[in-house]
$ cat my_file_27.tsv   # TSV, C-alpha atoms
chain	number	residue	atom	x	y	z
A	8	MET	CA	14.71	-140.51	124.79
A	9	ILE	CA	16.83	-143.60	124.01
A	10	LEU	CA	14.63	-144.50	121.02
A	11	LEU	CA	14.98	-140.99	119.58
A	12	ILE	CA	18.77	-141.07	119.98
A	13	MET	CA	18.89	-144.49	118.30
A	14	PHE	CA	16.74	-143.10	115.49
A	15	ILE	CA	19.16	-140.25	114.77
A	16	VAL	CA	22.20	-142.57	114.95
A	17	LEU	CA	20.64	-145.14	112.60
A	18	VAL	CA	19.51	-142.55	110.04
A	19	ILE	CA	23.06	-141.19	109.82
A	20	ALA	CA	24.77	-144.61	109.94
A	21	ASN	CA	22.55	-146.04	107.20
A	22	MET	CA	23.34	-143.07	104.98
A	23	VAL	CA	27.10	-143.43	105.56
A	24	PHE	CA	27.17	-147.24	105.22
A	25	PRO	CA	24.54	-148.03	102.56
A	26	ARG	CA	25.60	-151.67	102.03
A	27	ASN	CA	26.38	-152.85	105.57
A	28	LYS	CA	24.32	-156.02	106.20
A	29	LEU	CA	24.67	-155.91	109.98
A	30	LEU	CA	23.29	-152.38	109.97
A	31	THR	CA	20.38	-153.56	107.83
A	32	GLY	CA	19.53	-156.19	110.44
A	33	ILE	CA	19.83	-153.73	113.32
A	34	SER	CA	17.57	-151.28	111.47
A	35	PHE	CA	14.96	-153.99	110.96
A	36	ILE	CA	14.89	-154.88	114.66
A	37	TYR	CA	14.78	-151.20	115.68
A	38	MET	CA	11.92	-150.40	113.28
A	39	TRP	CA	10.03	-153.49	114.45
A	40	VAL	CA	10.36	-152.37	118.07
A	41	LEU	CA	9.27	-148.84	117.18
A	42	MET	CA	6.22	-150.05	115.26
A	43	GLY	CA	5.24	-153.29	117.00
A	44	TRP	CA	5.37	-152.05	120.59
A	45	SER	CA	3.95	-148.59	119.91
A	46	TYR	CA	0.83	-147.33	121.68
A	47	GLY	CA	-1.04	-144.13	122.45
A	48	ASN	CA	-0.61	-142.46	119.05
A	49	ALA	CA	-3.33	-140.68	117.06
A	50	ASP	CA	-4.98	-143.84	115.68
A	51	TYR	CA	-4.06	-146.49	118.24
A	52	GLU	CA	-7.32	-146.54	120.20
A	53	PHE	CA	-9.33	-146.72	116.98
A	54	TYR	CA	-7.42	-149.85	115.98
A	55	VAL	CA	-8.02	-151.38	119.42
A	56	LEU	CA	-11.76	-150.70	119.14
A	57	ARG	CA	-11.88	-152.18	115.64
A	58	TYR	CA	-10.06	-155.24	116.89
A	59	LYS	CA	-12.37	-155.74	119.88
A	60	SER	CA	-15.64	-154.87	118.10
A	61	THR	CA	-15.20	-155.87	114.49
A	62	ALA	CA	-18.95	-156.26	113.91
A	63	THR	CA	-19.51	-152.60	114.82
A	64	TYR	CA	-17.23	-151.50	111.97
A	65	TYR	CA	-19.09	-153.30	109.22
A	66	THR	CA	-17.39	-151.36	106.39
A	67	LEU	CA	-13.91	-152.45	107.50
A	68	GLU	CA	-12.11	-154.15	104.60
A	69	PRO	CA	-12.61	-157.96	104.58
A	70	LEU	CA	-9.00	-159.18	104.45
A	71	TYR	CA	-8.06	-157.03	107.43
A	72	VAL	CA	-11.08	-158.42	109.29
A	73	ILE	CA	-9.97	-161.98	108.46
A	74	LEU	CA	-6.48	-161.27	109.78
A	75	GLN	CA	-7.96	-159.85	112.98
A	76	ASN	CA	-10.26	-162.86	113.39
A	77	ILE	CA	-7.36	-165.28	112.94
A	78	ALA	CA	-5.43	-163.49	115.69
A	79	LYS	CA	-8.49	-163.43	117.97
A	80	SER	CA	-9.01	-167.17	117.42
A	81	PHE	CA	-5.66	-167.61	119.21
A	82	GLU	CA	-6.93	-165.24	121.92
A	83	PHE	CA	-4.29	-162.64	121.10
A	84	GLN	CA	-4.71	-159.09	122.38
A	85	TYR	CA	-4.41	-156.25	119.85
A	86	SER	CA	-0.89	-155.51	121.13
A	87	THR	CA	0.23	-159.04	120.16
A	88	PHE	CA	-1.56	-158.76	116.80
A	89	LEU	CA	0.32	-155.51	116.12
A	90	ILE	CA	3.69	-157.09	116.97
A	91	LEU	CA	3.10	-160.06	114.64
A	92	MET	CA	1.71	-158.00	111.76
A	93	SER	CA	4.51	-155.45	112.05
A	94	PHE	CA	7.13	-158.20	111.85
A	95	ILE	CA	5.55	-159.82	108.77
A	96	PHE	CA	5.04	-156.65	106.77
A	97	LEU	CA	8.35	-155.05	107.70
A	98	LEU	CA	10.02	-158.28	106.57
A	99	ILE	CA	8.23	-158.08	103.22
A	100	ARG	CA	9.16	-154.41	102.80
A	101	PHE	CA	12.82	-155.10	103.59
A	102	PHE	CA	12.79	-158.06	101.16
A	103	VAL	CA	11.56	-155.82	98.33
A	104	ILE	CA	14.13	-153.11	99.07
A	105	LEU	CA	16.95	-155.67	99.15
A	106	LYS	CA	15.83	-157.10	95.81
A	107	PHE	CA	15.71	-153.74	94.03
A	108	THR	CA	18.99	-152.16	95.19
A	109	ASP	CA	22.47	-153.05	96.39
A	110	LYS	CA	22.38	-150.00	98.70
A	111	PRO	CA	19.39	-150.86	100.89
A	112	ASN	CA	20.50	-148.87	103.91
A	113	TYR	CA	20.34	-145.65	101.91
A	114	VAL	CA	16.67	-146.37	101.17
A	115	ILE	CA	16.01	-147.40	104.78
A	116	SER	CA	17.57	-144.16	106.06
A	117	LEU	CA	15.30	-141.98	103.92
A	118	TRP	CA	12.26	-144.14	104.70
A	119	MET	CA	12.97	-143.80	108.44
A	120	LEU	CA	13.00	-140.03	108.03
A	121	TYR	CA	9.75	-140.05	106.11
A	122	PRO	CA	7.19	-141.59	106.06
A	123	PHE	CA	8.04	-144.44	108.49
A	124	ILE	CA	6.94	-142.44	111.55
A	125	MET	CA	3.59	-141.93	109.80
A	126	ASP	CA	3.48	-145.66	109.00
A	127	ILE	CA	3.55	-146.40	112.73
A	128	VAL	CA	0.25	-144.53	113.07
A	129	GLN	CA	-1.35	-145.33	109.71
A	130	ILE	CA	-0.64	-148.99	110.24
A	131	ARG	CA	-3.34	-150.48	107.99
A	132	GLN	CA	-2.17	-148.31	105.11
A	133	PHE	CA	1.37	-149.57	105.75
A	134	TYR	CA	0.25	-153.20	105.52
A	135	ALA	CA	-1.58	-152.50	102.27
A	136	THR	CA	1.16	-150.49	100.56
A	137	THR	CA	3.69	-153.17	101.49
A	138	ILE	CA	1.66	-155.71	99.52
A	139	VAL	CA	1.58	-153.24	96.61
A	140	MET	CA	5.38	-152.96	96.78
A	141	LEU	CA	5.61	-156.75	96.62
A	142	GLY	CA	3.43	-156.56	93.51
A	143	ILE	CA	5.80	-153.99	91.99
A	144	TYR	CA	8.68	-156.39	92.61
A	145	PHE	CA	6.76	-159.19	90.84
A	146	LEU	CA	6.03	-156.78	87.99
A	147	PHE	CA	9.73	-156.38	87.20
A	148	ALA	CA	11.22	-159.65	88.47
A	149	SER	CA	8.71	-162.16	87.07
A	150	LYS	CA	9.41	-163.32	83.55
A	151	LYS	CA	5.84	-164.56	83.18
A	152	LEU	CA	2.56	-163.19	84.48
A	153	GLY	CA	4.23	-160.25	86.22
A	154	SER	CA	1.24	-158.00	85.46
A	155	VAL	CA	-1.18	-160.61	86.79
A	156	LYS	CA	0.78	-160.95	90.05
A	157	PHE	CA	0.81	-157.17	90.40
A	158	VAL	CA	-2.97	-156.96	89.94
A	159	ILE	CA	-3.49	-159.72	92.51
A	160	CYS	CA	-1.29	-157.90	95.03
A	161	VAL	CA	-3.13	-154.61	94.50
A	162	MET	CA	-6.49	-156.32	94.96
A	163	LEU	CA	-5.25	-157.96	98.18
A	164	ALA	CA	-3.98	-154.56	99.36
A	165	THR	CA	-7.38	-153.05	98.55
A	166	LEU	CA	-8.99	-155.65	100.80
A	167	ILE	CA	-6.90	-154.25	103.66
A	168	HIS	CA	-7.30	-150.55	102.79
A	169	SER	CA	-9.64	-149.66	99.92
A	170	SER	CA	-7.68	-146.54	98.88
A	171	ASN	CA	-4.93	-148.79	97.53
A	172	LEU	CA	-7.05	-149.53	94.48
A	173	VAL	CA	-5.54	-146.30	93.12
A	174	TYR	CA	-2.22	-148.13	92.74
A	175	MET	CA	-3.78	-150.07	89.87
A	176	LEU	CA	-2.93	-146.96	87.83
A	177	LEU	CA	0.75	-147.95	88.11
A	178	LEU	CA	0.13	-150.75	85.64
A	179	VAL	CA	-0.55	-148.17	82.90
A	180	PRO	CA	3.03	-146.82	82.60
A	181	TYR	CA	4.33	-150.39	82.66
A	182	LEU	CA	2.15	-151.46	79.72
A	183	TRP	CA	2.08	-148.11	77.87
A	184	ASP	CA	5.21	-147.91	75.72
A	185	PHE	CA	4.88	-144.23	74.82
A	186	SER	CA	7.74	-141.78	75.26
A	187	ILE	CA	7.97	-140.06	78.62
A	188	LYS	CA	7.28	-136.64	77.07
A	189	LYS	CA	4.10	-137.84	75.38
A	190	PHE	CA	3.04	-139.67	78.53
A	191	LYS	CA	3.45	-136.50	80.61
A	192	ARG	CA	1.31	-134.46	78.19
A	193	VAL	CA	-1.48	-137.04	78.34
A	194	ILE	CA	-1.40	-137.20	82.16
A	195	PHE	CA	-1.43	-133.39	82.45
A	196	LEU	CA	-4.52	-133.29	80.21
A	197	MET	CA	-6.19	-136.04	82.26
A	198	VAL	CA	-5.58	-134.13	85.49
A	199	ILE	CA	-7.27	-131.04	83.99
A	200	VAL	CA	-10.22	-133.16	82.79
A	201	SER	CA	-10.61	-134.92	86.15
A	202	ILE	CA	-10.56	-131.61	88.06
A	203	THR	CA	-13.23	-130.31	85.65
A	204	MET	CA	-15.30	-133.45	86.32
A	205	LEU	CA	-14.89	-132.82	90.03
A	206	ARG	CA	-16.24	-129.29	89.70
A	207	THR	CA	-19.27	-130.47	87.69
A	208	GLY	CA	-20.07	-133.40	90.01
A	209	LEU	CA	-19.46	-136.04	87.35
A	210	LEU	CA	-16.43	-137.43	89.19
A	211	LYS	CA	-18.53	-138.22	92.26
A	212	ILE	CA	-21.08	-140.12	90.16
A	213	LEU	CA	-18.33	-142.04	88.37
A	214	GLY	CA	-16.56	-142.85	91.66
A	215	GLN	CA	-19.78	-144.07	93.26
A	216	ASN	CA	-20.57	-146.34	90.30
A	217	VAL	CA	-17.07	-147.84	90.21
A	218	ALA	CA	-17.03	-148.35	93.99
A	219	THR	CA	-20.45	-150.03	93.85
A	220	MET	CA	-19.30	-152.42	91.12
A	221	LEU	CA	-16.28	-153.37	93.24
A	222	GLY	CA	-18.36	-153.85	96.37
A	223	PHE	CA	-17.22	-150.65	98.11
A	224	GLY	CA	-20.31	-148.52	97.45
A	225	VAL	CA	-21.24	-148.06	101.11
A	226	LYS	CA	-17.60	-147.47	102.05
A	227	PHE	CA	-17.31	-144.81	99.33
A	228	ARG	CA	-20.41	-142.94	100.54
A	229	GLU	CA	-19.33	-143.05	104.17
A	230	THR	CA	-15.80	-141.90	103.33
A	231	PHE	CA	-17.14	-139.00	101.26
A	232	ILE	CA	-19.53	-137.91	104.03
A	233	ALA	CA	-16.79	-138.23	106.68
A	234	ALA	CA	-14.37	-136.20	104.55
A	235	ASN	CA	-16.88	-133.36	104.22
A	236	ARG	CA	-17.40	-133.33	107.99
A	237	GLN	CA	-13.78	-133.84	109.02
A	238	TYR	CA	-11.81	-131.64	106.64
A	239	SER	CA	-12.10	-127.93	105.99
A	240	LEU	CA	-11.34	-126.48	102.57
A	241	ASN	CA	-7.98	-125.29	103.93
A	242	ASN	CA	-7.15	-128.86	104.99
A	243	LEU	CA	-7.87	-130.15	101.49
A	244	TYR	CA	-5.75	-127.46	99.84
A	245	TYR	CA	-2.96	-128.32	102.29
A	246	TYR	CA	-3.05	-131.96	101.17
A	247	VAL	CA	-3.06	-130.94	97.50
A	248	PHE	CA	-0.09	-128.68	98.20
A	249	GLN	CA	1.72	-131.63	99.79
A	250	ILE	CA	1.05	-133.80	96.74
A	251	VAL	CA	2.30	-131.14	94.32
A	252	VAL	CA	5.44	-130.33	96.33
A	253	LEU	CA	6.33	-134.00	96.69
A	254	PHE	CA	5.74	-134.56	92.98
A	255	ILE	CA	8.06	-131.67	92.04
A	256	LEU	CA	10.85	-132.82	94.36
A	257	CYS	CA	10.64	-136.41	93.08
A	258	GLU	CA	10.56	-135.18	89.47
A	259	PHE	CA	13.78	-133.28	90.13
A	260	VAL	CA	15.44	-136.53	91.23
A	261	PHE	CA	14.30	-138.23	88.01
A	262	ARG	CA	15.72	-135.34	85.98
A	263	LYS	CA	19.12	-135.84	87.65
A	264	ILE	CA	19.13	-139.56	86.94
A	265	ASP	CA	18.26	-139.17	83.24
A	266	CYS	CA	21.88	-139.03	82.16
A	267	ILE	CA	22.63	-142.62	83.24
A	268	LYS	CA	19.59	-144.26	81.65
A	269	SER	CA	21.69	-145.45	78.75
A	270	ASP	CA	23.60	-147.77	81.08
A	271	ILE	CA	21.31	-150.77	81.57
A	272	VAL	CA	21.92	-152.44	84.91
A	273	ILE	CA	20.50	-155.85	85.76
A	274	ASN	CA	20.21	-156.45	89.50
A	275	ASN	CA	18.44	-159.55	90.86
A	276	GLY	CA	16.88	-160.04	87.44
A	277	ILE	CA	15.46	-156.49	87.38
A	278	ASN	CA	16.16	-154.14	84.47
A	279	SER	CA	17.02	-150.90	86.28
A	280	MET	CA	16.53	-148.70	83.22
A	281	LYS	CA	12.98	-150.00	82.65
A	282	PHE	CA	12.25	-149.68	86.36
A	283	ILE	CA	13.46	-146.05	86.49
A	284	GLU	CA	11.41	-145.05	83.43
A	285	TRP	CA	8.34	-146.72	84.92
A	286	ALA	CA	8.88	-144.93	88.25
A	287	GLU	CA	9.17	-141.55	86.54
A	288	LYS	CA	5.92	-142.09	84.64
A	289	SER	CA	4.28	-143.35	87.84
A	290	ASN	CA	5.25	-140.16	89.65
A	291	TRP	CA	3.24	-138.31	87.01
A	292	ILE	CA	0.25	-140.63	86.95
A	293	LEU	CA	-0.17	-140.27	90.71
A	294	LEU	CA	-1.08	-136.62	90.08
A	295	LEU	CA	-4.49	-138.07	89.24
A	296	VAL	CA	-5.12	-138.44	92.98
A	297	ILE	CA	-5.42	-134.63	93.32
A	298	PRO	CA	-9.21	-134.44	92.64
A	299	LEU	CA	-9.72	-137.50	94.85
A	300	VAL	CA	-8.60	-135.45	97.87
A	301	TRP	CA	-12.13	-133.98	97.91
A	302	PHE	CA	-13.53	-137.48	98.48
A	303	SER	CA	-11.01	-138.44	101.16
A	304	GLY	CA	-8.31	-136.16	102.52
A	305	ASP	CA	-6.28	-139.24	103.45
A	306	ILE	CA	-5.75	-140.07	99.77
A	307	TYR	CA	-2.47	-138.12	99.93
A	308	ARG	CA	-1.06	-141.20	101.70
A	309	ILE	CA	-0.97	-142.93	98.30
A	310	GLN	CA	1.96	-140.76	97.30
A	311	HIS	CA	3.67	-141.42	100.64
A	312	GLY	CA	3.53	-145.15	99.90
A	313	PHE	CA	5.22	-144.51	96.55
A	314	LEU	CA	8.09	-142.62	98.19
A	315	THR	CA	9.98	-145.84	98.95
A	316	ILE	CA	10.10	-146.53	95.21
A	317	VAL	CA	11.56	-143.07	94.56
A	318	TYR	CA	14.15	-143.67	97.29
A	319	ILE	CA	15.11	-146.93	95.55
A	320	VAL	CA	15.51	-145.05	92.25
A	321	ALA	CA	17.79	-142.51	93.97
A	322	SER	CA	19.87	-145.38	95.39
A	323	LEU	CA	20.50	-146.66	91.85
A	324	MET	CA	22.37	-143.51	90.86
A	325	THR	CA	26.12	-143.88	90.35
A	326	ARG	CA	28.97	-141.36	90.68
A	327	ASN	CA	31.92	-143.00	88.96
A	328	LYS	CA	31.29	-142.07	85.32
A	329	GLY	CA	32.63	-138.61	84.73
A	330	LEU	CA	32.14	-135.06	86.01
A	331	VAL	CA	28.60	-134.58	84.65
A	332	ILE	CA	27.47	-137.82	86.28
A	333	LYS	CA	29.09	-136.85	89.58
A	334	LYS	CA	27.27	-133.51	89.59
A	335	SER	CA	23.93	-135.13	88.79
A	336	TYR	CA	24.60	-137.82	91.39
A	337	LEU	CA	25.32	-135.20	94.03
A	338	LEU	CA	22.30	-133.04	93.17
A	339	GLY	CA	20.00	-136.07	93.03
A	340	LYS	CA	21.19	-137.40	96.38
A	341	ILE	CA	20.91	-133.97	98.01
A	342	ALA	CA	17.41	-133.48	96.57
A	343	MET	CA	16.25	-136.85	97.89
A	344	CYS	CA	17.70	-136.26	101.35
A	345	LEU	CA	16.21	-132.77	101.50
A	346	THR	CA	12.83	-134.16	100.42
A	347	ALA	CA	12.82	-136.61	103.34
A	348	LEU	CA	14.07	-133.96	105.77
A	349	LEU	CA	11.55	-131.37	104.53
A	350	PHE	CA	8.58	-133.66	105.02
A	351	PHE	CA	9.98	-134.95	108.30
A	352	TYR	CA	9.98	-131.38	109.62
A	353	TRP	CA	6.91	-130.11	107.76
A	354	VAL	CA	4.52	-132.93	108.61
A	355	LEU	CA	5.93	-134.35	111.85
A	356	LEU	CA	7.32	-131.28	113.65
A	357	TYR	CA	5.81	-128.13	112.15
A	358	VAL	CA	2.15	-129.14	112.60
A	359	PRO	CA	1.49	-129.09	116.38
A	360	SER	CA	-1.27	-131.72	116.33
A	361	LEU	CA	0.89	-134.19	114.40
A	362	ARG	CA	3.90	-133.44	116.57
A	363	GLU	CA	1.89	-134.32	119.68
A	364	THR	CA	0.00	-137.34	118.32
A	365	VAL	CA	2.47	-138.87	115.84
A	366	PHE	CA	6.08	-137.83	116.41
A	367	ILE	CA	6.30	-137.79	120.21
A	368	PRO	CA	4.34	-141.05	120.79
A	369	ALA	CA	6.58	-142.85	118.27
A	370	PHE	CA	9.59	-142.43	120.58
A	371	TYR	CA	8.05	-142.05	124.01
A	372	ASN	CA	5.06	-144.42	123.95
A	373	ASN	CA	6.69	-147.83	123.59
A	374	ARG	CA	5.97	-150.89	125.74
A	375	LEU	CA	9.57	-152.10	125.67
A	376	PHE	CA	10.90	-148.76	126.84
A	377	MET	CA	8.32	-147.72	129.42
A	378	ASN	CA	9.59	-145.67	132.34

$ encode --input "my_file_27.tsv" --output "structure tokens"
Amino acid sequence: MILLIMFIVLVIANMVFPRNKLLTGISFIYMWVLMGWSYGNADYEFYVLRYKSTATYYTLEPLYVILQNIAKSFEFQYSTFLILMSFIFLLIRFFVILKFTDKPNYVISLWMLYPFIMDIVQIRQFYATTIVMLGIYFLFASKKLGSVKFVICVMLATLIHSSNLVYMLLLVPYLWDFSIKKFKRVIFLMVIVSITMLRTGLLKILGQNVATMLGFGVKFRETFIAANRQYSLNNLYYYVFQIVVLFILCEFVFRKIDCIKSDIVINNGINSMKFIEWAEKSNWILLLVIPLVWFSGDIYRIQHGFLTIVYIVASLMTRNKGLVIKKSYLLGKIAMCLTALLFFYWVLLYVPSLRETVFIPAFYNNRLFMN
């Protein structure tokens, strides 16, 4: 119960005091405790088995296997491995947030609401998406070779969780200097084409060939077979619905921030206007994951990983530039908060299986707070 009370207090406090450095530090420690000492959630035993019997899971991504083997060479148990990995990757994630915005606690508050509780369970995806976020920081902060650093980070992330290869798409809006309106039309057309390819079977053939070239051919086949066995058609439509709803809510936030794009802000060497425009285009390009849901229902997690970026964009909004700006600021902030709250309730509380295996274990199954 104490962890749940602390969660509620920190979510509110971070929202009220978005720049307080002490609160940032407290939030880091709390989130590390919640993640690093967690046990008994939906995926925990699977991670323990993978750690103990790596050879049995021969399709497990190589970089994650290397990290496990390094920990095992020191004779660490999985629980110790989880504590160390959680510390490292939470530190990286906090570093990126601090570099992008001067209101980090606002971002942390929304992230805690959603999808941090999911990150505690989907831990390998969290490690991978954190590396992608570091790549996004390099993309905008590096004066030279930013794109190269981003590609390297995405490839490293893919070697922890193969689904993160999809984030390579985020390089397109960075390099493509078309107007946002034209970009949206092209992406909409591509989504229609990809769904058509899915219906005709061409997308499966293309996916298999690409995966084989990248060394993930077996992994692709196994994931596709597992998805067909594990998920019903209703499950898949539910994930697509999630993707679409999240896209619409994030797009609303970008619409509210449009009116301040003319004011270029440089923070930690990052051009905020360029970053916001890239994020808006990226929100659209991630619609291309919709047909991929039929290959792996878990692909919806890609959009969850991108949510932190949208939260950062919302934190960059300002309210001190006239009545119109204040209204847009208020609507944008409300929309972002409601998005986090909606998914917090919808995914973590409304669905009984997730409530029992994700939400409750996050606060009641913790080694530092055992009864």

$ closest_residue --input "my_file_27.tsv" --among "A:Met377, A:Met8, A:Ile104, A:Met125" --to "Arg26 (chain A)" --atoms "all atoms listed in the file"
A:Ile104

$ residues_around --input "my_file_27.tsv" --residues "Asp184 (chain A)" --least-positions-apart "4" --cutoff "12 Å" --atoms "all atoms listed in the file" --output "JSON, numbers by chain"
{"A": [178, 179, 180, 188, 189, 190, 281, 284, 285, 288]}

$ atom_distance --input "my_file_27.tsv" --atom1 "CA of Trp44 (chain A)" --atom2 "CA of Arg374 (chain A)"
5.3 Å

$ residues_around --input "my_file_27.tsv" --residues "region 169-173 of chain A" --least-positions-apart "6" --cutoff "9 Å" --atoms "only C-alpha atoms" --output "PyMOL selection string"
chain A and resi 68+132+135-136+139+161-162+223+226+293+296+305-306+308-309

$ closest_residue --input "my_file_27.tsv" --among "A:Ala369, A:Ala321, A:Leu294, A:Met197" --to "Leu117 (chain A)" --atoms "all atoms listed in the file"
A:Ala321

$ atom_distance --input "my_file_27.tsv" --atom1 "CA of Phe366 (chain A)" --atom2 "CA of Leu105 (chain A)"
27.1 Å

$ closest_residue --input "my_file_27.tsv" --among "A:Leu314, A:Leu41, A:Ala20, A:Leu146" --to "Leu177 (chain A)" --atoms "all atoms listed in the file"
A:Leu146

$ residues_around --input "my_file_27.tsv" --residues "Val18 (chain A)" --least-positions-apart "2" --cutoff "12 Å" --atoms "only C-alpha atoms" --output "PyMOL selection string"
chain A and resi 11-16+20-25+30-31+33-34+37-38+112-121+123+344+347-348

$ closest_residue --input "my_file_27.tsv" --among "A:Phe53, A:Phe81, A:Phe259, A:Tyr71" --to "Ile341 (chain A)" --atoms "all atoms listed in the file"
A:Phe259

$ closest_residue --input "my_file_27.tsv" --among "A:Gln249, A:Glu287, A:Ile19, A:Glu258" --to "Leu349 (chain A)" --atoms "all atoms listed in the file"
A:Gln249

$ residues_around --input "my_file_27.tsv" --residues "Phe133 (chain A)" --least-positions-apart "5" --cutoff "8 Å" --atoms "only C-alpha atoms" --output "NGL selection string"
:A and (126-127 or 312)

$ atom_distance --input "my_file_27.tsv" --atom1 "CA of Ser289 (chain A)" --atom2 "CA of Ile319 (chain A)"
13.8 Å

$ build_atoms --input "my_file_27.tsv" --residues "region 278-301 of chain A" --atoms "N, CA and C atoms" --output "compact mmCIF listing (two decimals), keeping the file's coordinate frame"
# COMPACT_ATOMS: atom_id res chain seq x y z
N ASN A 278 15.58 -155.12 85.39
CA ASN A 278 16.16 -154.14 84.47
C ASN A 278 16.00 -152.75 85.08
N SER A 279 17.09 -152.17 85.56
CA SER A 279 17.02 -150.90 86.28
C SER A 279 16.55 -149.76 85.39
N MET A 280 16.93 -149.77 84.11
CA MET A 280 16.53 -148.70 83.22
C MET A 280 15.00 -148.70 83.04
N LYS A 281 14.44 -149.88 82.82
CA LYS A 281 12.98 -150.00 82.65
C LYS A 281 12.27 -149.60 83.94
N PHE A 282 12.84 -150.00 85.07
CA PHE A 282 12.25 -149.68 86.36
C PHE A 282 12.25 -148.17 86.60
N ILE A 283 13.36 -147.49 86.28
CA ILE A 283 13.46 -146.05 86.49
C ILE A 283 12.46 -145.30 85.61
N GLU A 284 12.35 -145.70 84.34
CA GLU A 284 11.41 -145.05 83.43
C GLU A 284 9.97 -145.25 83.91
N TRP A 285 9.67 -146.46 84.39
CA TRP A 285 8.34 -146.72 84.92
C TRP A 285 8.07 -145.85 86.14
N ALA A 286 9.05 -145.72 87.03
CA ALA A 286 8.88 -144.93 88.25
C ALA A 286 8.65 -143.46 87.92
N GLU A 287 9.35 -142.95 86.91
CA GLU A 287 9.17 -141.55 86.54
C GLU A 287 7.76 -141.31 86.00
N LYS A 288 7.29 -142.21 85.15
CA LYS A 288 5.92 -142.09 84.64
C LYS A 288 4.90 -142.23 85.78
N SER A 289 5.19 -143.13 86.72
CA SER A 289 4.28 -143.35 87.84
C SER A 289 4.16 -142.11 88.72
N ASN A 290 5.28 -141.39 88.88
CA ASN A 290 5.25 -140.16 89.65
C ASN A 290 4.26 -139.18 89.04
N TRP A 291 4.18 -139.18 87.71
CA TRP A 291 3.24 -138.31 87.01
C TRP A 291 1.81 -138.81 87.13
N ILE A 292 1.62 -140.11 86.96
CA ILE A 292 0.25 -140.63 86.95
C ILE A 292 -0.41 -140.49 88.31
N LEU A 293 0.40 -140.44 89.37
CA LEU A 293 -0.17 -140.27 90.71
C LEU A 293 -0.70 -138.86 90.95
N LEU A 294 -0.45 -137.94 90.00
CA LEU A 294 -1.08 -136.62 90.08
C LEU A 294 -2.60 -136.74 89.95
N LEU A 295 -3.05 -137.86 89.41
CA LEU A 295 -4.49 -138.07 89.24
C LEU A 295 -5.22 -138.21 90.57
N VAL A 296 -4.46 -138.35 91.67
CA VAL A 296 -5.12 -138.44 92.98
C VAL A 296 -5.57 -137.06 93.47
N ILE A 297 -5.11 -135.99 92.83
CA ILE A 297 -5.42 -134.63 93.32
C ILE A 297 -6.93 -134.41 93.48
N PRO A 298 -7.76 -134.67 92.44
CA PRO A 298 -9.21 -134.44 92.64
C PRO A 298 -9.83 -135.39 93.66
N LEU A 299 -9.19 -136.53 93.90
CA LEU A 299 -9.72 -137.50 94.85
C LEU A 299 -9.60 -137.03 96.30
N VAL A 300 -8.76 -136.01 96.52
CA VAL A 300 -8.60 -135.45 97.87
C VAL A 300 -9.96 -134.96 98.39
N TRP A 301 -10.83 -134.49 97.49
CA TRP A 301 -12.13 -133.98 97.91
C TRP A 301 -13.09 -135.10 98.34
